[in-house]
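First comes the structure, then the notes that go with it.
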Amino acid sequence: MKTASISVTKKLIRPVVTKFQVSALLLLLPLFFGVSMSAQQFKRLNPPGSTYAFAFGINDAGTVTGSFTDAKGVYKGFIYSAGKYQTIIFPGASKTFTQANGINNSNTVVGDFIGKDQLTHGFLLNNGKFTRYDAQKSVSNWISGISNKGSLVGYAGNQGNTQGFVKIGHKVTLFTYQGNATYANGINAANASVGYFIPPPFSAWHGFYRAANGQMTQLDFPGSQSTSCLGINDAGVITGLYLDSQGVAHGFTHKNGQFLSYPVPDIGGMNNKGTYVGSYIAKNGKNYGYIMKP
């Protein structure tokens, strides 16, 4: 195990796991991360008019997806590309919630929204056209990621009966890790996916890697209280977050059995060029997204 050298100030924070929970729980954190990095390496992401912002996905062109809250507390998605922000609101969504979670090299964005039925539904956005997609009917659905081949990953369920899913071509596969509540967050071009599961007594969560053939492996950062895998790129680099023995959250990467720890709260995703995105709390108490070049 190695540790990356990035200059930040680390303090205790509460755990965050899924992409929506990352955004929702970070709003409650009273302690901050002060980031000190060169402008060439690190860029703060903060859409105009936002009070809090979160970055979740990035493609090889450096286009970022994420979400933010405005002054009225409305939660919206965004795309960031070439220094410009575009707001995403699913047509017909409730007035309070649209989230953008991932983007592939075809610039297809995936995310979720709360409908007028008060259930969460997935969506795809390509060339300005929205398409709703649910892996399961009559329950809430979240789309967490999309691969460069167009495969989808996410989870579906209500009241804790949550299953991960992958959609490869026209085939949808629902799954759990040994029957536990399971949340799938990322998928790559080889159709390998990652996420986390929560076993009883529901006090900690554990990451997982799911191969294209469906074989699943538990993946925990050594010595951690909890681990969540948030993304995987085409080179097989897994990104996420873990809580250390003191309850401090760190981002991590994992490849070929080796973990690398980063002193930022999470790494939401990494493209095939090694550029990664996530979220952090600055010294002013606000939550921002970030993009970091290697």
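Just so we're on the same page: first chain in the structure tokens is A, next is B, and so on; residues restart at 1 for each chain, and ligands are numbered from 1 in the order they show up.
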
Practice problem: Skip Thr69 of chain A itself and residues of its chain fewer than 6 positions away, then list as a list in words all residues within 8 Å of it, counting only C-alpha atoms. | Solution: Ser50, Thr51, Tyr52, Ala53, Tyr75 and Lys76 of chain A

Dump N, CA and C atoms for the selected residues as a short mmCIF file (atom, residue, chain, number, x, y, z; two decimals), in the first residue's frame?
data_model
loop_
_atom_site.label_atom_id
_atom_site.label_comp_id
_atom_site.auth_asym_id
_atom_site.auth_seq_id
_atom_site.Cartn_x
_atom_site.Cartn_y
_atom_site.Cartn_z
N SER A 50 -24.37 28.53 -7.39
CA SER A 50 -24.45 27.36 -6.51
C SER A 50 -24.04 27.71 -5.09
N THR A 51 -24.66 27.02 -4.15
CA THR A 51 -24.24 27.12 -2.76
C THR A 51 -23.35 25.95 -2.37
N TYR A 52 -23.60 24.79 -2.96
CA TYR A 52 -22.76 23.60 -2.79
C TYR A 52 -22.65 22.90 -4.13
N ALA A 53 -21.53 22.25 -4.39
CA ALA A 53 -21.34 21.55 -5.66
C ALA A 53 -20.57 20.26 -5.43
N TYR A 75 -31.77 21.06 -6.14
CA TYR A 75 -30.64 20.21 -6.50
C TYR A 75 -30.68 19.96 -8.01
N LYS A 76 -29.62 20.33 -8.74
CA LYS A 76 -29.58 20.26 -10.19
C LYS A 76 -28.30 19.57 -10.65
#

Quiz prompt | Residue neighbourhood segment 92-105 of chain A, 9 Å, only C-alpha atoms, exclusion window fewer than 5 positions, as a ChimeraX atom specification | solution = /A:19-20,55-61,63-68,73-79,110-118,123,143-150,186,269

According to DSSP computed on the backbone, where in segment 36-117 of chain A is there strand (DSSP E or B)? Give the residues as a PDB file with C-alpha atoms, in the first residue's frame.
ATOM      1  CA  PHE A  42      -6.240  21.267  -9.210  1.00  0.00           C
ATOM      2  CA  LYS A  43      -9.372  23.152 -10.255  1.00  0.00           C
ATOM      3  CA  ARG A  44     -12.357  23.961  -8.083  1.00  0.00           C
ATOM      4  CA  LEU A  45     -15.738  23.270  -9.673  1.00  0.00           C
ATOM      5  CA  SER A  50     -24.448  27.362  -6.515  1.00  0.00           C
ATOM      6  CA  THR A  51     -24.237  27.122  -2.758  1.00  0.00           C
ATOM      7  CA  TYR A  52     -22.758  23.602  -2.787  1.00  0.00           C
ATOM      8  CA  ALA A  53     -21.336  21.553  -5.658  1.00  0.00           C
ATOM      9  CA  PHE A  54     -20.226  17.946  -6.197  1.00  0.00           C
ATOM     10  CA  ALA A  55     -18.327  16.292  -9.071  1.00  0.00           C
ATOM     11  CA  PHE A  56     -19.047  12.653  -9.907  1.00  0.00           C
ATOM     12  CA  GLY A  57     -17.834  11.683 -13.399  1.00  0.00           C
ATOM     13  CA  ILE A  58     -15.342  12.621 -16.131  1.00  0.00           C
ATOM     14  CA  VAL A  64     -17.205  16.616 -15.981  1.00  0.00           C
ATOM     15  CA  THR A  65     -20.648  15.792 -14.643  1.00  0.00           C
ATOM     16  CA  GLY A  66     -21.892  16.593 -11.178  1.00  0.00           C
ATOM     17  CA  SER A  67     -24.617  18.293  -9.210  1.00  0.00           C
ATOM     18  CA  PHE A  68     -25.172  21.447  -7.204  1.00  0.00           C
ATOM     19  CA  THR A  69     -27.707  23.200  -5.025  1.00  0.00           C
ATOM     20  CA  ASP A  70     -28.850  26.733  -5.796  1.00  0.00           C
ATOM     21  CA  TYR A  75     -30.636  20.211  -6.504  1.00  0.00           C
ATOM     22  CA  LYS A  76     -29.578  20.256 -10.186  1.00  0.00           C
ATOM     23  CA  GLY A  77     -27.145  18.452 -12.440  1.00  0.00           C
ATOM     24  CA  PHE A  78     -24.363  20.129 -14.379  1.00  0.00           C
ATOM     25  CA  ILE A  79     -21.889  19.537 -17.191  1.00  0.00           C
ATOM     26  CA  TYR A  80     -18.537  21.322 -17.108  1.00  0.00           C
ATOM     27  CA  SER A  81     -16.520  21.566 -20.333  1.00  0.00           C
ATOM     28  CA  LYS A  84     -18.281  26.551 -19.185  1.00  0.00           C
ATOM     29  CA  TYR A  85     -21.141  25.108 -17.139  1.00  0.00           C
ATOM     30  CA  GLN A  86     -24.433  23.710 -18.429  1.00  0.00           C
ATOM     31  CA  THR A  87     -27.316  23.069 -16.033  1.00  0.00           C
ATOM     32  CA  ILE A  88     -29.263  19.807 -16.297  1.00  0.00           C
ATOM     33  CA  PHE A  97     -34.049  17.152  -7.598  1.00  0.00           C
ATOM     34  CA  THR A  98     -32.085  16.243 -10.732  1.00  0.00           C
ATOM     35  CA  GLN A  99     -28.650  14.626 -10.450  1.00  0.00           C
ATOM     36  CA  ALA A 100     -25.969  14.005 -13.119  1.00  0.00           C
ATOM     37  CA  ASN A 101     -23.712  11.078 -12.211  1.00  0.00           C
ATOM     38  CA  GLY A 102     -21.624  10.027 -15.188  1.00  0.00           C
ATOM     39  CA  ILE A 103     -20.541  10.710 -18.762  1.00  0.00           C
ATOM     40  CA  VAL A 109     -24.769  11.797 -19.550  1.00  0.00           C
ATOM     41  CA  VAL A 110     -26.588   9.584 -17.051  1.00  0.00           C
ATOM     42  CA  GLY A 111     -28.264  10.467 -13.792  1.00  0.00           C
ATOM     43  CA  ASP A 112     -31.552  10.399 -11.948  1.00  0.00           C
ATOM     44  CA  PHE A 113     -34.445  12.612 -10.958  1.00  0.00           C
ATOM     45  CA  ILE A 114     -37.424  12.553  -8.632  1.00  0.00           C
TER      46      ILE A 114
END

Quiz prompt | Shell of 8 Å around Tyr133 of chain A, only C-alpha atoms, local chain residues under 6 positions omitted, as JSON, numbers by chain | solution = {"A": [121, 122, 123, 124]}

Quiz prompt | Point-to-point distance from atom CA of Gly251 of chain A to atom CA of Asn271 of chain A, Å rounded to tenths | solution = 15.3 Å

Quiz item: Near Asn233 of chain A, counting only C-alpha atoms, which residues have an atom at most 8 Å away, once you skip same-chain residues fewer than 6 positions from it, shown as a list in words?
Solution: Ile187, Asn188, Ala189, Gly269, Met270, Asn271 and Asn272 of chain A

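Our summary of the geometry notes that atom CA of His250 of chain A is positioned 15.0 Å from atom CA of Met292 of chain A.
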
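Distance check against Pro265 of chain A using only C-alpha atoms: of A:Ser279, A:Ser245, A:Ser140, A:Thr253, the minimum falls on A:Ser279.
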
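Omitting Ala211 of chain A and its sequence neighbours fewer than 4 positions away, and counting only C-alpha atoms, the residues within 9 Å are Ala190, Asn191, Ala192, Ser193, Val194, Gln215, Met216 and Thr217 of chain A.
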
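Counting only C-alpha atoms, the residue from A:Ile291, A:Ile89, A:Val166, A:Ala235 that sits nearest to Lys129 of chain A is A:Ile89.
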
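The closest residue to Ser224 of chain A, picked from A:Pro199, A:Ser261, A:Thr162, A:Lys255 and counting only C-alpha atoms, is A:Ser261.
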
Self-check item: Residue with smallest distance to Gly49 of chain A - pool A:Lys72, A:Lys293, A:His254, A:Arg132, counting only C-alpha atoms
Solution: A:Lys72

Exercise. Would you mind reading off the distance between atom CA of Gly169 of chain A and atom CA of Ser151 of chain A, one decimal, in Å?
Key: 6.6 Å

Quiz item: Got a sec: who's within 9 Å of Leu230 of chain A, counting only C-alpha atoms, leaving out chain neighbours fewer than 2 positions off, as a PyMOL selection string?
Solution: chain A and resi 17-19+56+144+184-186+194-196+207+228+232+238-241+266-269

Any chance you can output those residues with N, CA and C atoms as a compact mmCIF listing (two decimals), in the first residue's frame?
# COMPACT_ATOMS: atom_id res chain seq x y z
N VAL A 17 -21.28 7.63 0.94
CA VAL A 17 -21.11 6.41 0.16
C VAL A 17 -21.66 6.53 -1.26
N THR A 18 -22.97 6.54 -1.47
CA THR A 18 -23.47 6.64 -2.83
C THR A 18 -23.31 8.06 -3.32
N LYS A 19 -23.54 8.24 -4.61
CA LYS A 19 -23.32 9.57 -5.17
C LYS A 19 -24.32 10.58 -4.62
N PHE A 56 -18.88 14.10 -9.97
CA PHE A 56 -19.05 12.65 -9.91
C PHE A 56 -18.38 11.89 -11.04
N SER A 144 -26.01 5.23 -12.09
CA SER A 144 -24.79 5.78 -11.50
C SER A 144 -23.69 6.02 -12.51
N ALA A 184 -24.54 -0.34 -7.02
CA ALA A 184 -23.53 -0.38 -8.07
C ALA A 184 -23.30 1.03 -8.59
N ASN A 185 -22.04 1.43 -8.70
CA ASN A 185 -21.71 2.83 -8.98
C ASN A 185 -20.96 3.08 -10.27
N GLY A 186 -20.16 2.11 -10.77
CA GLY A 186 -19.34 2.37 -11.94
C GLY A 186 -19.21 1.14 -12.82
N VAL A 194 -18.36 -1.86 -10.21
CA VAL A 194 -17.98 -1.72 -8.81
C VAL A 194 -19.09 -1.02 -8.04
N GLY A 195 -19.03 -1.14 -6.73
CA GLY A 195 -20.00 -0.47 -5.86
C GLY A 195 -19.72 -0.82 -4.42
N TYR A 196 -20.77 -0.94 -3.65
CA TYR A 196 -20.62 -1.32 -2.25
C TYR A 196 -21.88 -2.01 -1.77
N GLY A 207 -16.80 -2.33 -0.13
CA GLY A 207 -16.74 -2.24 -1.57
C GLY A 207 -16.79 -3.60 -2.22
N SER A 228 -16.17 2.30 0.03
CA SER A 228 -17.13 2.37 -1.07
C SER A 228 -16.40 2.58 -2.37
N ILE A 232 -14.81 2.95 -12.03
CA ILE A 232 -13.75 2.10 -12.60
C ILE A 232 -13.53 2.54 -14.04
N ILE A 238 -9.84 1.36 -10.07
CA ILE A 238 -11.04 1.58 -9.27
C ILE A 238 -10.82 2.79 -8.37
N THR A 239 -11.83 3.64 -8.26
CA THR A 239 -11.76 4.81 -7.39
C THR A 239 -12.88 4.75 -6.36
N GLY A 240 -12.68 5.48 -5.26
CA GLY A 240 -13.72 5.50 -4.23
C GLY A 240 -13.28 6.25 -3.01
N LEU A 241 -13.83 5.83 -1.87
CA LEU A 241 -13.48 6.44 -0.59
C LEU A 241 -13.49 5.37 0.49
N ASP A 266 -13.02 12.04 -1.25
CA ASP A 266 -13.43 10.97 -2.14
C ASP A 266 -12.87 11.20 -3.54
N ILE A 267 -12.76 10.13 -4.31
CA ILE A 267 -12.48 10.21 -5.74
C ILE A 267 -13.68 9.58 -6.43
N GLY A 268 -14.51 10.44 -7.05
CA GLY A 268 -15.75 9.96 -7.63
C GLY A 268 -15.55 9.20 -8.92
N GLY A 269 -14.54 9.58 -9.69
CA GLY A 269 -14.29 8.90 -10.95
C GLY A 269 -12.96 9.31 -11.53
